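Asker: Next comes run36.txt, compact mmCIF, N, CA and C atoms:
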```
# COMPACT_ATOMS: atom_id res chain seq x y z
N MET A 1 215.86 81.72 86.61
CA MET A 1 215.17 82.59 87.55
C MET A 1 215.77 83.98 87.47
N SER A 2 214.89 84.97 87.46
CA SER A 2 215.33 86.35 87.35
C SER A 2 215.06 87.09 88.66
N TYR A 3 216.08 87.77 89.14
CA TYR A 3 215.94 88.59 90.34
C TYR A 3 217.05 89.64 90.32
N ILE A 4 216.90 90.65 91.15
CA ILE A 4 217.89 91.72 91.22
C ILE A 4 219.07 91.24 92.04
N LYS A 5 220.25 91.27 91.43
CA LYS A 5 221.47 90.83 92.10
C LYS A 5 222.26 92.05 92.58
N ASP A 6 222.78 91.93 93.78
CA ASP A 6 223.67 92.96 94.31
C ASP A 6 225.07 92.64 93.80
N PRO A 7 225.72 93.56 93.09
CA PRO A 7 227.05 93.28 92.54
C PRO A 7 228.08 92.92 93.61
N ARG A 8 227.87 93.37 94.83
CA ARG A 8 228.80 93.02 95.92
C ARG A 8 228.67 91.55 96.29
N VAL A 9 227.45 91.01 96.20
CA VAL A 9 227.25 89.58 96.43
C VAL A 9 227.89 88.79 95.30
N ASP A 10 227.72 89.27 94.07
CA ASP A 10 228.41 88.64 92.93
C ASP A 10 229.92 88.60 93.17
N ALA A 11 230.49 89.71 93.61
CA ALA A 11 231.93 89.78 93.83
C ALA A 11 232.38 88.79 94.91
N TYR A 12 231.59 88.67 95.98
CA TYR A 12 231.90 87.72 97.05
C TYR A 12 231.92 86.30 96.48
N ILE A 13 230.88 85.94 95.76
CA ILE A 13 230.76 84.58 95.22
C ILE A 13 231.84 84.32 94.17
N ASP A 14 232.08 85.27 93.29
CA ASP A 14 233.06 85.09 92.21
C ASP A 14 234.47 84.86 92.73
N ALA A 15 234.77 85.32 93.93
CA ALA A 15 236.12 85.16 94.49
C ALA A 15 236.35 83.78 95.12
N LEU A 16 235.32 82.96 95.19
CA LEU A 16 235.41 81.65 95.85
C LEU A 16 235.87 80.56 94.87
N PRO A 17 236.35 79.43 95.41
CA PRO A 17 236.62 78.27 94.56
C PRO A 17 235.34 77.83 93.85
N ASP A 18 235.49 77.17 92.71
CA ASP A 18 234.34 76.79 91.88
C ASP A 18 233.25 76.07 92.65
N TRP A 19 233.60 75.09 93.49
CA TRP A 19 232.58 74.30 94.18
C TRP A 19 231.82 75.17 95.18
N GLN A 20 232.50 76.14 95.82
CA GLN A 20 231.80 77.02 96.76
C GLN A 20 230.92 78.01 96.00
N GLN A 21 231.37 78.45 94.83
CA GLN A 21 230.53 79.30 94.00
C GLN A 21 229.23 78.59 93.66
N ALA A 22 229.34 77.32 93.29
CA ALA A 22 228.14 76.55 92.92
C ALA A 22 227.17 76.44 94.09
N VAL A 23 227.68 76.17 95.29
CA VAL A 23 226.83 76.08 96.48
C VAL A 23 226.15 77.43 96.72
N CYS A 24 226.92 78.50 96.72
CA CYS A 24 226.37 79.83 97.00
C CYS A 24 225.33 80.24 95.96
N ARG A 25 225.59 79.92 94.71
CA ARG A 25 224.62 80.28 93.66
C ARG A 25 223.33 79.49 93.79
N GLU A 26 223.45 78.21 94.16
CA GLU A 26 222.23 77.42 94.34
C GLU A 26 221.42 77.92 95.52
N VAL A 27 222.08 78.22 96.64
CA VAL A 27 221.38 78.77 97.81
C VAL A 27 220.75 80.11 97.45
N ARG A 28 221.49 80.94 96.75
CA ARG A 28 220.97 82.25 96.32
C ARG A 28 219.70 82.07 95.49
N ASP A 29 219.72 81.16 94.54
CA ASP A 29 218.53 80.91 93.71
C ASP A 29 217.37 80.40 94.55
N LEU A 30 217.66 79.52 95.51
CA LEU A 30 216.60 78.96 96.35
C LEU A 30 215.93 80.03 97.21
N VAL A 31 216.73 80.90 97.81
CA VAL A 31 216.14 81.92 98.68
C VAL A 31 215.33 82.92 97.86
N HIS A 32 215.80 83.27 96.68
CA HIS A 32 215.02 84.17 95.83
C HIS A 32 213.75 83.49 95.32
N ALA A 33 213.82 82.19 95.06
CA ALA A 33 212.64 81.45 94.60
C ALA A 33 211.59 81.34 95.70
N ALA A 34 212.01 81.44 96.94
CA ALA A 34 211.07 81.33 98.07
C ALA A 34 210.08 82.49 98.09
N ASP A 35 210.51 83.65 97.58
CA ASP A 35 209.63 84.81 97.53
C ASP A 35 210.24 85.85 96.59
N PRO A 36 209.47 86.38 95.66
CA PRO A 36 210.02 87.34 94.70
C PRO A 36 210.46 88.66 95.33
N GLU A 37 210.07 88.92 96.57
CA GLU A 37 210.45 90.18 97.22
C GLU A 37 211.76 90.10 97.99
N VAL A 38 212.40 88.93 98.03
CA VAL A 38 213.67 88.79 98.73
C VAL A 38 214.69 89.74 98.10
N ALA A 39 215.43 90.41 98.95
CA ALA A 39 216.51 91.30 98.50
C ALA A 39 217.83 90.78 99.06
N GLU A 40 218.91 91.15 98.41
CA GLU A 40 220.23 90.75 98.89
C GLU A 40 221.05 91.99 99.16
N THR A 41 221.95 91.86 100.11
CA THR A 41 222.79 92.97 100.52
C THR A 41 224.07 92.42 101.12
N ILE A 42 224.94 93.31 101.55
CA ILE A 42 226.15 92.94 102.26
C ILE A 42 226.06 93.55 103.65
N LYS A 43 226.34 92.75 104.65
CA LYS A 43 226.42 93.22 106.03
C LYS A 43 227.75 92.74 106.60
N ARG A 44 228.15 93.34 107.71
CA ARG A 44 229.41 92.98 108.35
C ARG A 44 230.58 93.10 107.36
N THR A 45 230.56 94.12 106.56
CA THR A 45 231.59 94.50 105.60
C THR A 45 231.59 93.69 104.32
N ARG A 46 231.42 92.34 104.40
CA ARG A 46 231.55 91.56 103.18
C ARG A 46 230.64 90.35 103.09
N GLN A 47 229.80 90.11 104.08
CA GLN A 47 228.99 88.88 104.13
C GLN A 47 227.65 89.07 103.42
N PRO A 48 227.34 88.20 102.43
CA PRO A 48 226.05 88.27 101.75
C PRO A 48 224.89 87.89 102.68
N TYR A 49 223.87 88.75 102.70
CA TYR A 49 222.65 88.50 103.46
C TYR A 49 221.47 88.56 102.50
N PHE A 50 220.46 87.77 102.80
CA PHE A 50 219.21 87.78 102.06
C PHE A 50 218.13 88.16 103.05
N VAL A 51 217.34 89.17 102.69
CA VAL A 51 216.42 89.79 103.64
C VAL A 51 215.04 90.00 103.02
N LEU A 52 214.04 89.99 103.89
CA LEU A 52 212.68 90.38 103.54
C LEU A 52 211.98 90.61 104.87
N GLN A 53 211.80 91.87 105.21
CA GLN A 53 211.23 92.26 106.50
C GLN A 53 212.01 91.63 107.65
N GLY A 54 213.30 91.50 107.48
CA GLY A 54 214.20 90.89 108.46
C GLY A 54 215.16 89.95 107.75
N ASN A 55 216.15 89.49 108.47
CA ASN A 55 217.11 88.56 107.89
C ASN A 55 216.46 87.21 107.62
N ILE A 56 216.82 86.62 106.50
CA ILE A 56 216.42 85.24 106.18
C ILE A 56 217.62 84.34 106.37
N CYS A 57 218.70 84.66 105.65
CA CYS A 57 219.91 83.86 105.77
C CYS A 57 221.11 84.68 105.35
N ALA A 58 222.28 84.13 105.64
CA ALA A 58 223.55 84.72 105.24
C ALA A 58 224.47 83.61 104.77
N LEU A 59 225.42 83.97 103.92
CA LEU A 59 226.41 83.02 103.42
C LEU A 59 227.77 83.34 104.02
N LEU A 60 228.51 82.30 104.36
CA LEU A 60 229.89 82.49 104.80
C LEU A 60 230.70 81.29 104.34
N ALA A 61 231.59 81.53 103.40
CA ALA A 61 232.47 80.47 102.91
C ALA A 61 233.65 80.33 103.85
N ALA A 62 233.89 79.10 104.28
CA ALA A 62 235.04 78.77 105.11
C ALA A 62 236.01 77.94 104.28
N LYS A 63 237.09 77.53 104.89
CA LYS A 63 238.13 76.81 104.15
C LYS A 63 237.61 75.56 103.44
N ASP A 64 236.81 74.76 104.16
CA ASP A 64 236.39 73.47 103.58
C ASP A 64 234.88 73.29 103.51
N HIS A 65 234.13 74.38 103.70
CA HIS A 65 232.67 74.29 103.62
C HIS A 65 232.07 75.68 103.41
N VAL A 66 230.77 75.69 103.15
CA VAL A 66 230.00 76.94 103.07
C VAL A 66 228.92 76.86 104.14
N ASN A 67 228.87 77.87 104.99
CA ASN A 67 227.83 77.97 106.00
C ASN A 67 226.68 78.82 105.47
N VAL A 68 225.47 78.32 105.69
CA VAL A 68 224.26 79.09 105.44
C VAL A 68 223.63 79.31 106.81
N PHE A 69 223.66 80.55 107.28
CA PHE A 69 223.09 80.89 108.58
C PHE A 69 221.62 81.21 108.39
N LEU A 70 220.76 80.47 109.06
CA LEU A 70 219.31 80.68 109.00
C LEU A 70 218.88 81.49 110.21
N TYR A 71 218.33 82.67 109.97
CA TYR A 71 217.92 83.56 111.06
C TYR A 71 216.48 83.28 111.44
N ASP A 72 216.32 82.29 112.31
CA ASP A 72 214.98 81.81 112.63
C ASP A 72 214.73 81.65 114.13
N GLY A 73 215.71 82.00 114.96
CA GLY A 73 215.51 81.85 116.39
C GLY A 73 215.22 80.42 116.82
N ALA A 74 215.61 79.46 115.99
CA ALA A 74 215.44 78.03 116.25
C ALA A 74 213.97 77.64 116.40
N ILE A 75 213.08 78.35 115.69
CA ILE A 75 211.66 77.99 115.79
C ILE A 75 211.12 77.34 114.51
N VAL A 76 211.88 77.40 113.42
CA VAL A 76 211.42 76.78 112.18
C VAL A 76 211.70 75.28 112.25
N PRO A 77 210.71 74.45 111.98
CA PRO A 77 210.92 73.00 112.03
C PRO A 77 212.01 72.54 111.05
N ASP A 78 212.71 71.50 111.43
CA ASP A 78 213.76 70.89 110.60
C ASP A 78 213.49 69.39 110.50
N PRO A 79 212.37 69.01 109.86
CA PRO A 79 211.99 67.59 109.85
C PRO A 79 212.97 66.69 109.11
N GLU A 80 213.76 67.25 108.20
CA GLU A 80 214.71 66.43 107.45
C GLU A 80 216.11 66.48 108.03
N GLY A 81 216.29 67.19 109.15
CA GLY A 81 217.57 67.19 109.85
C GLY A 81 218.72 67.81 109.06
N ILE A 82 218.45 68.91 108.37
CA ILE A 82 219.52 69.53 107.58
C ILE A 82 220.38 70.50 108.40
N ILE A 83 219.90 70.92 109.57
CA ILE A 83 220.67 71.82 110.43
C ILE A 83 221.91 71.07 110.92
N THR A 84 223.08 71.69 110.77
CA THR A 84 224.32 71.04 111.18
C THR A 84 224.92 71.65 112.44
N ALA A 85 224.50 72.85 112.83
CA ALA A 85 225.03 73.48 114.04
C ALA A 85 224.06 74.55 114.52
N GLY A 86 224.22 74.91 115.80
CA GLY A 86 223.42 75.98 116.37
C GLY A 86 222.04 75.57 116.82
N HIS A 87 221.85 74.28 117.09
CA HIS A 87 220.52 73.78 117.47
C HIS A 87 219.92 74.54 118.64
N GLU A 88 220.74 74.96 119.56
CA GLU A 88 220.25 75.68 120.74
C GLU A 88 220.49 77.18 120.64
N ASN A 89 220.97 77.65 119.49
CA ASN A 89 221.28 79.06 119.32
C ASN A 89 220.00 79.89 119.40
N LYS A 90 220.09 81.02 120.02
CA LYS A 90 218.91 81.87 120.21
C LYS A 90 218.59 82.74 118.99
N THR A 91 219.53 82.84 118.04
CA THR A 91 219.34 83.72 116.89
C THR A 91 219.34 82.97 115.57
N ALA A 92 220.39 82.20 115.33
CA ALA A 92 220.55 81.56 114.02
C ALA A 92 221.06 80.13 114.16
N ARG A 93 220.68 79.33 113.19
CA ARG A 93 221.23 77.97 113.08
C ARG A 93 221.98 77.88 111.76
N THR A 94 222.77 76.84 111.61
CA THR A 94 223.62 76.72 110.44
C THR A 94 223.36 75.44 109.68
N VAL A 95 223.40 75.56 108.36
CA VAL A 95 223.45 74.41 107.47
C VAL A 95 224.79 74.54 106.75
N ALA A 96 225.67 73.57 106.94
CA ALA A 96 226.99 73.60 106.31
C ALA A 96 227.03 72.63 105.14
N PHE A 97 227.66 73.06 104.06
CA PHE A 97 227.81 72.22 102.88
C PHE A 97 229.29 72.08 102.56
N ARG A 98 229.72 70.84 102.37
CA ARG A 98 231.09 70.55 101.98
C ARG A 98 231.14 70.16 100.52
N GLN A 99 232.32 70.20 99.96
CA GLN A 99 232.50 69.87 98.55
C GLN A 99 231.92 68.50 98.25
N GLY A 100 231.12 68.42 97.20
CA GLY A 100 230.53 67.16 96.77
C GLY A 100 229.19 66.83 97.40
N GLU A 101 228.81 67.56 98.45
CA GLU A 101 227.51 67.30 99.09
C GLU A 101 226.38 67.92 98.27
N THR A 102 225.25 67.26 98.31
CA THR A 102 224.06 67.74 97.61
C THR A 102 223.22 68.58 98.56
N ILE A 103 222.70 69.68 98.06
CA ILE A 103 221.80 70.53 98.85
C ILE A 103 220.41 69.91 98.81
N ASN A 104 219.82 69.73 99.96
CA ASN A 104 218.43 69.26 100.04
C ASN A 104 217.54 70.47 99.75
N ALA A 105 217.35 70.74 98.48
CA ALA A 105 216.63 71.94 98.05
C ALA A 105 215.21 72.03 98.60
N PRO A 106 214.43 70.93 98.57
CA PRO A 106 213.07 71.06 99.11
C PRO A 106 213.05 71.44 100.60
N ALA A 107 213.93 70.83 101.38
CA ALA A 107 213.96 71.12 102.82
C ALA A 107 214.43 72.54 103.09
N LEU A 108 215.49 72.97 102.40
CA LEU A 108 216.00 74.33 102.60
C LEU A 108 214.99 75.36 102.12
N SER A 109 214.35 75.10 101.00
CA SER A 109 213.31 76.02 100.48
C SER A 109 212.16 76.15 101.47
N ALA A 110 211.73 75.04 102.04
CA ALA A 110 210.64 75.09 103.03
C ALA A 110 211.03 75.94 104.23
N MET A 111 212.28 75.80 104.66
CA MET A 111 212.73 76.60 105.80
C MET A 111 212.78 78.08 105.43
N PHE A 112 213.28 78.40 104.23
CA PHE A 112 213.29 79.80 103.79
C PHE A 112 211.88 80.37 103.78
N LYS A 113 210.92 79.62 103.24
CA LYS A 113 209.54 80.10 103.17
C LYS A 113 208.96 80.33 104.55
N GLN A 114 209.27 79.47 105.51
CA GLN A 114 208.76 79.64 106.87
C GLN A 114 209.41 80.84 107.54
N ILE A 115 210.71 81.03 107.33
CA ILE A 115 211.38 82.21 107.90
C ILE A 115 210.76 83.48 107.34
N ILE A 116 210.51 83.51 106.04
CA ILE A 116 209.88 84.68 105.42
C ILE A 116 208.49 84.92 106.00
N ALA A 117 207.71 83.86 106.15
CA ALA A 117 206.37 84.00 106.75
C ALA A 117 206.48 84.53 108.17
N ASN A 118 207.45 84.02 108.93
CA ASN A 118 207.65 84.50 110.30
C ASN A 118 208.06 85.97 110.30
N ASN A 119 208.94 86.36 109.36
CA ASN A 119 209.33 87.78 109.27
C ASN A 119 208.12 88.66 108.99
N ARG A 120 207.27 88.20 108.09
CA ARG A 120 206.07 88.98 107.76
C ARG A 120 205.09 89.05 108.94
N ALA A 121 205.15 88.08 109.82
CA ALA A 121 204.28 88.05 111.00
C ALA A 121 204.90 88.82 112.17
N GLY A 122 205.99 89.52 111.93
CA GLY A 122 206.61 90.33 112.98
C GLY A 122 207.98 89.85 113.40
N GLY A 123 208.41 88.71 112.90
CA GLY A 123 209.74 88.20 113.24
C GLY A 123 209.69 87.14 114.31
N TRP A 124 210.74 86.32 114.34
CA TRP A 124 210.75 85.20 115.28
C TRP A 124 210.76 85.65 116.73
N ARG A 125 211.36 86.81 117.02
CA ARG A 125 211.36 87.29 118.41
C ARG A 125 209.93 87.57 118.89
N LYS A 126 209.15 88.24 118.04
CA LYS A 126 207.75 88.52 118.37
C LYS A 126 206.97 87.23 118.50
N LEU A 127 207.19 86.30 117.58
CA LEU A 127 206.46 85.04 117.63
C LEU A 127 206.78 84.26 118.91
N GLN A 128 208.04 84.27 119.31
CA GLN A 128 208.41 83.59 120.56
C GLN A 128 207.78 84.28 121.76
N ARG A 129 207.81 85.60 121.74
CA ARG A 129 207.26 86.37 122.86
C ARG A 129 205.76 86.16 122.99
N ASP A 130 205.05 86.05 121.84
CA ASP A 130 203.59 85.93 121.85
C ASP A 130 203.10 84.49 121.92
N ALA A 131 204.03 83.53 121.89
CA ALA A 131 203.62 82.11 121.92
C ALA A 131 202.96 81.78 123.26
N PRO A 132 201.95 80.90 123.21
CA PRO A 132 201.26 80.56 124.47
C PRO A 132 202.15 79.78 125.41
```
What is this file in structure tokens?
Answerer:
Amino acid sequence: MSYIKDPRVDAYIDALPDWQQAVCREVRDLVHAADPEVAETIKRTRQPYFVLQGNICALLAAKDHVNVFLYDGAIVPDPEGIITAGHENKTARTVAFRQGETINAPALSAMFKQIIANNRAGGWRKLQRDAP
């Protein structure tokens, strides 16, 4: 898959242990595959973010896992139960991956696509405000 990479995101990923690099690269490929217009940047000084008319997700490597923060206002369905934290969070939920765990690519891709669609429709805040 070909997309424009931000060298700062490369630097963040390259500094991680091999297994965390693999997780971050797979998530990066999945979010870019969700829509060719996805862009990547750094926010909060060093954290990789993926954006398209609003935040889609961010990566944060911790000591024993990688967090993928989904910026969806908890409105995107999670039928396969991949969300690991933030179920009641008003802004973002988390999918955490530990060493050796497999990424449920179809489920995560579906969530990325829905977040992007919501961003294009004005963002999850607008959607929540306008919901019947």
Asker: Return the single residue from A:Val66, A:Leu59, A:Val31, A:Ile82 that is closest to A:Arg44, with distances computed using only C-alpha atoms.
Answerer: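 Nearest to A:Arg44: A:Leu59.
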Asker: I'd like the interatomic distance between atom CA of A:Leu108 and atom CA of A:Phe50, to a tenth of an Å.
Answerer: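 Atom CA of A:Phe50 lies 13.8 Å from atom CA of A:Leu108.
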Asker: So, counting all atoms listed in the file, which residue among A:Asp64, A:Asp72, A:Asp78, A:Glu101 is closest to A:Trp124?
Answerer: A:Asp72
Asker: Using DSSP on the backbone coordinates, identify the residues of stretch 9-127 of chain A assigned to strand (DSSP E or B); present them as a PyMOL selection string.
Answerer: chain A and resi 39-43+47-51+55-61+65-71+85+92-98
Asker: To one decimal place, how far is atom CA of A:Thr84 from atom C of A:Arg120 in Å?
Answerer: 26.4 Å
Asker: With all heavy atoms as the target, complete stretch 6-17 of chain A and hand it back as a JSON list (two decimals), in the frame of the given file.
Answerer:
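Once everything was written out, this is part.json:
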```json
[["chain", "number", "residue", "atom", "x", "y", "z"],
["A", 6, "ASP", "N", 222.78, 91.93, 93.78],
["A", 6, "ASP", "CA", 223.67, 92.96, 94.31],
["A", 6, "ASP", "C", 225.07, 92.64, 93.80],
["A", 6, "ASP", "O", 225.58, 91.54, 94.03],
["A", 6, "ASP", "CB", 223.64, 92.92, 95.84],
["A", 6, "ASP", "CG", 224.43, 94.04, 96.49],
["A", 6, "ASP", "OD1", 225.56, 94.32, 96.03],
["A", 6, "ASP", "OD2", 223.93, 94.61, 97.47],
["A", 7, "PRO", "N", 225.72, 93.56, 93.09],
["A", 7, "PRO", "CA", 227.05, 93.28, 92.54],
["A", 7, "PRO", "C", 228.08, 92.92, 93.61],
["A", 7, "PRO", "O", 229.05, 92.22, 93.34],
["A", 7, "PRO", "CB", 227.43, 94.55, 91.79],
["A", 7, "PRO", "CG", 226.45, 95.59, 92.18],
["A", 7, "PRO", "CD", 225.24, 94.89, 92.74],
["A", 8, "ARG", "N", 227.87, 93.37, 94.83],
["A", 8, "ARG", "CA", 228.80, 93.02, 95.92],
["A", 8, "ARG", "C", 228.67, 91.55, 96.29],
["A", 8, "ARG", "O", 229.65, 90.90, 96.65],
["A", 8, "ARG", "CB", 228.55, 93.91, 97.13],
["A", 8, "ARG", "CG", 228.76, 95.40, 96.83],
["A", 8, "ARG", "CD", 228.25, 96.28, 97.95],
["A", 8, "ARG", "NE", 226.82, 96.04, 98.18],
["A", 8, "ARG", "CZ", 226.15, 96.44, 99.25],
["A", 8, "ARG", "NH1", 226.78, 97.11, 100.21],
["A", 8, "ARG", "NH2", 224.87, 96.19, 99.37],
["A", 9, "VAL", "N", 227.45, 91.01, 96.20],
["A", 9, "VAL", "CA", 227.25, 89.58, 96.43],
["A", 9, "VAL", "C", 227.89, 88.79, 95.30],
["A", 9, "VAL", "O", 228.57, 87.78, 95.54],
["A", 9, "VAL", "CB", 225.75, 89.24, 96.59],
["A", 9, "VAL", "CG1", 225.53, 87.74, 96.70],
["A", 9, "VAL", "CG2", 225.17, 89.96, 97.82],
["A", 10, "ASP", "N", 227.72, 89.27, 94.07],
["A", 10, "ASP", "CA", 228.41, 88.64, 92.93],
["A", 10, "ASP", "C", 229.92, 88.60, 93.17],
["A", 10, "ASP", "O", 230.56, 87.57, 92.94],
["A", 10, "ASP", "CB", 228.13, 89.39, 91.63],
["A", 10, "ASP", "CG", 226.75, 89.12, 91.06],
["A", 10, "ASP", "OD1", 226.24, 88.00, 91.25],
["A", 10, "ASP", "OD2", 226.20, 90.03, 90.42],
["A", 11, "ALA", "N", 230.49, 89.71, 93.61],
["A", 11, "ALA", "CA", 231.93, 89.78, 93.83],
["A", 11, "ALA", "C", 232.38, 88.79, 94.91],
["A", 11, "ALA", "O", 233.41, 88.13, 94.77],
["A", 11, "ALA", "CB", 232.34, 91.20, 94.21],
["A", 12, "TYR", "N", 231.59, 88.67, 95.98],
["A", 12, "TYR", "CA", 231.90, 87.72, 97.05],
["A", 12, "TYR", "C", 231.92, 86.30, 96.48],
["A", 12, "TYR", "O", 232.87, 85.54, 96.70],
["A", 12, "TYR", "CB", 230.86, 87.84, 98.18],
["A", 12, "TYR", "CG", 231.07, 86.86, 99.30],
["A", 12, "TYR", "CD1", 231.88, 87.19, 100.38],
["A", 12, "TYR", "CD2", 230.47, 85.60, 99.30],
["A", 12, "TYR", "CE1", 232.09, 86.30, 101.42],
["A", 12, "TYR", "CE2", 230.68, 84.71, 100.32],
["A", 12, "TYR", "CZ", 231.49, 85.05, 101.39],
["A", 12, "TYR", "OH", 231.70, 84.16, 102.41],
["A", 13, "ILE", "N", 230.88, 85.94, 95.76],
["A", 13, "ILE", "CA", 230.76, 84.58, 95.22],
["A", 13, "ILE", "C", 231.84, 84.32, 94.17],
["A", 13, "ILE", "O", 232.48, 83.26, 94.18],
["A", 13, "ILE", "CB", 229.35, 84.35, 94.66],
["A", 13, "ILE", "CG1", 228.31, 84.37, 95.79],
["A", 13, "ILE", "CG2", 229.29, 83.03, 93.89],
["A", 13, "ILE", "CD1", 226.86, 84.36, 95.33],
["A", 14, "ASP", "N", 232.08, 85.27, 93.29],
["A", 14, "ASP", "CA", 233.06, 85.09, 92.21],
["A", 14, "ASP", "C", 234.47, 84.86, 92.73],
["A", 14, "ASP", "O", 235.29, 84.26, 92.02],
["A", 14, "ASP", "CB", 233.04, 86.28, 91.26],
["A", 14, "ASP", "CG", 231.76, 86.37, 90.44],
["A", 14, "ASP", "OD1", 231.01, 85.36, 90.37],
["A", 14, "ASP", "OD2", 231.51, 87.45, 89.86],
["A", 15, "ALA", "N", 234.77, 85.32, 93.93],
["A", 15, "ALA", "CA", 236.12, 85.16, 94.49],
["A", 15, "ALA", "C", 236.35, 83.78, 95.12],
["A", 15, "ALA", "O", 237.48, 83.46, 95.50],
["A", 15, "ALA", "CB", 236.36, 86.25, 95.53],
["A", 16, "LEU", "N", 235.32, 82.96, 95.19],
["A", 16, "LEU", "CA", 235.41, 81.65, 95.85],
["A", 16, "LEU", "C", 235.87, 80.56, 94.87],
["A", 16, "LEU", "O", 235.73, 80.71, 93.65],
["A", 16, "LEU", "CB", 234.04, 81.27, 96.42],
["A", 16, "LEU", "CG", 233.45, 82.23, 97.45],
["A", 16, "LEU", "CD1", 232.03, 81.79, 97.81],
["A", 16, "LEU", "CD2", 234.32, 82.31, 98.69],
["A", 17, "PRO", "N", 236.35, 79.43, 95.41],
["A", 17, "PRO", "CA", 236.62, 78.27, 94.56],
["A", 17, "PRO", "C", 235.34, 77.83, 93.85],
["A", 17, "PRO", "O", 234.23, 78.07, 94.34],
["A", 17, "PRO", "CB", 237.10, 77.20, 95.53],
["A", 17, "PRO", "CG", 237.57, 77.95, 96.73],
["A", 17, "PRO", "CD", 236.71, 79.19, 96.81]]
```
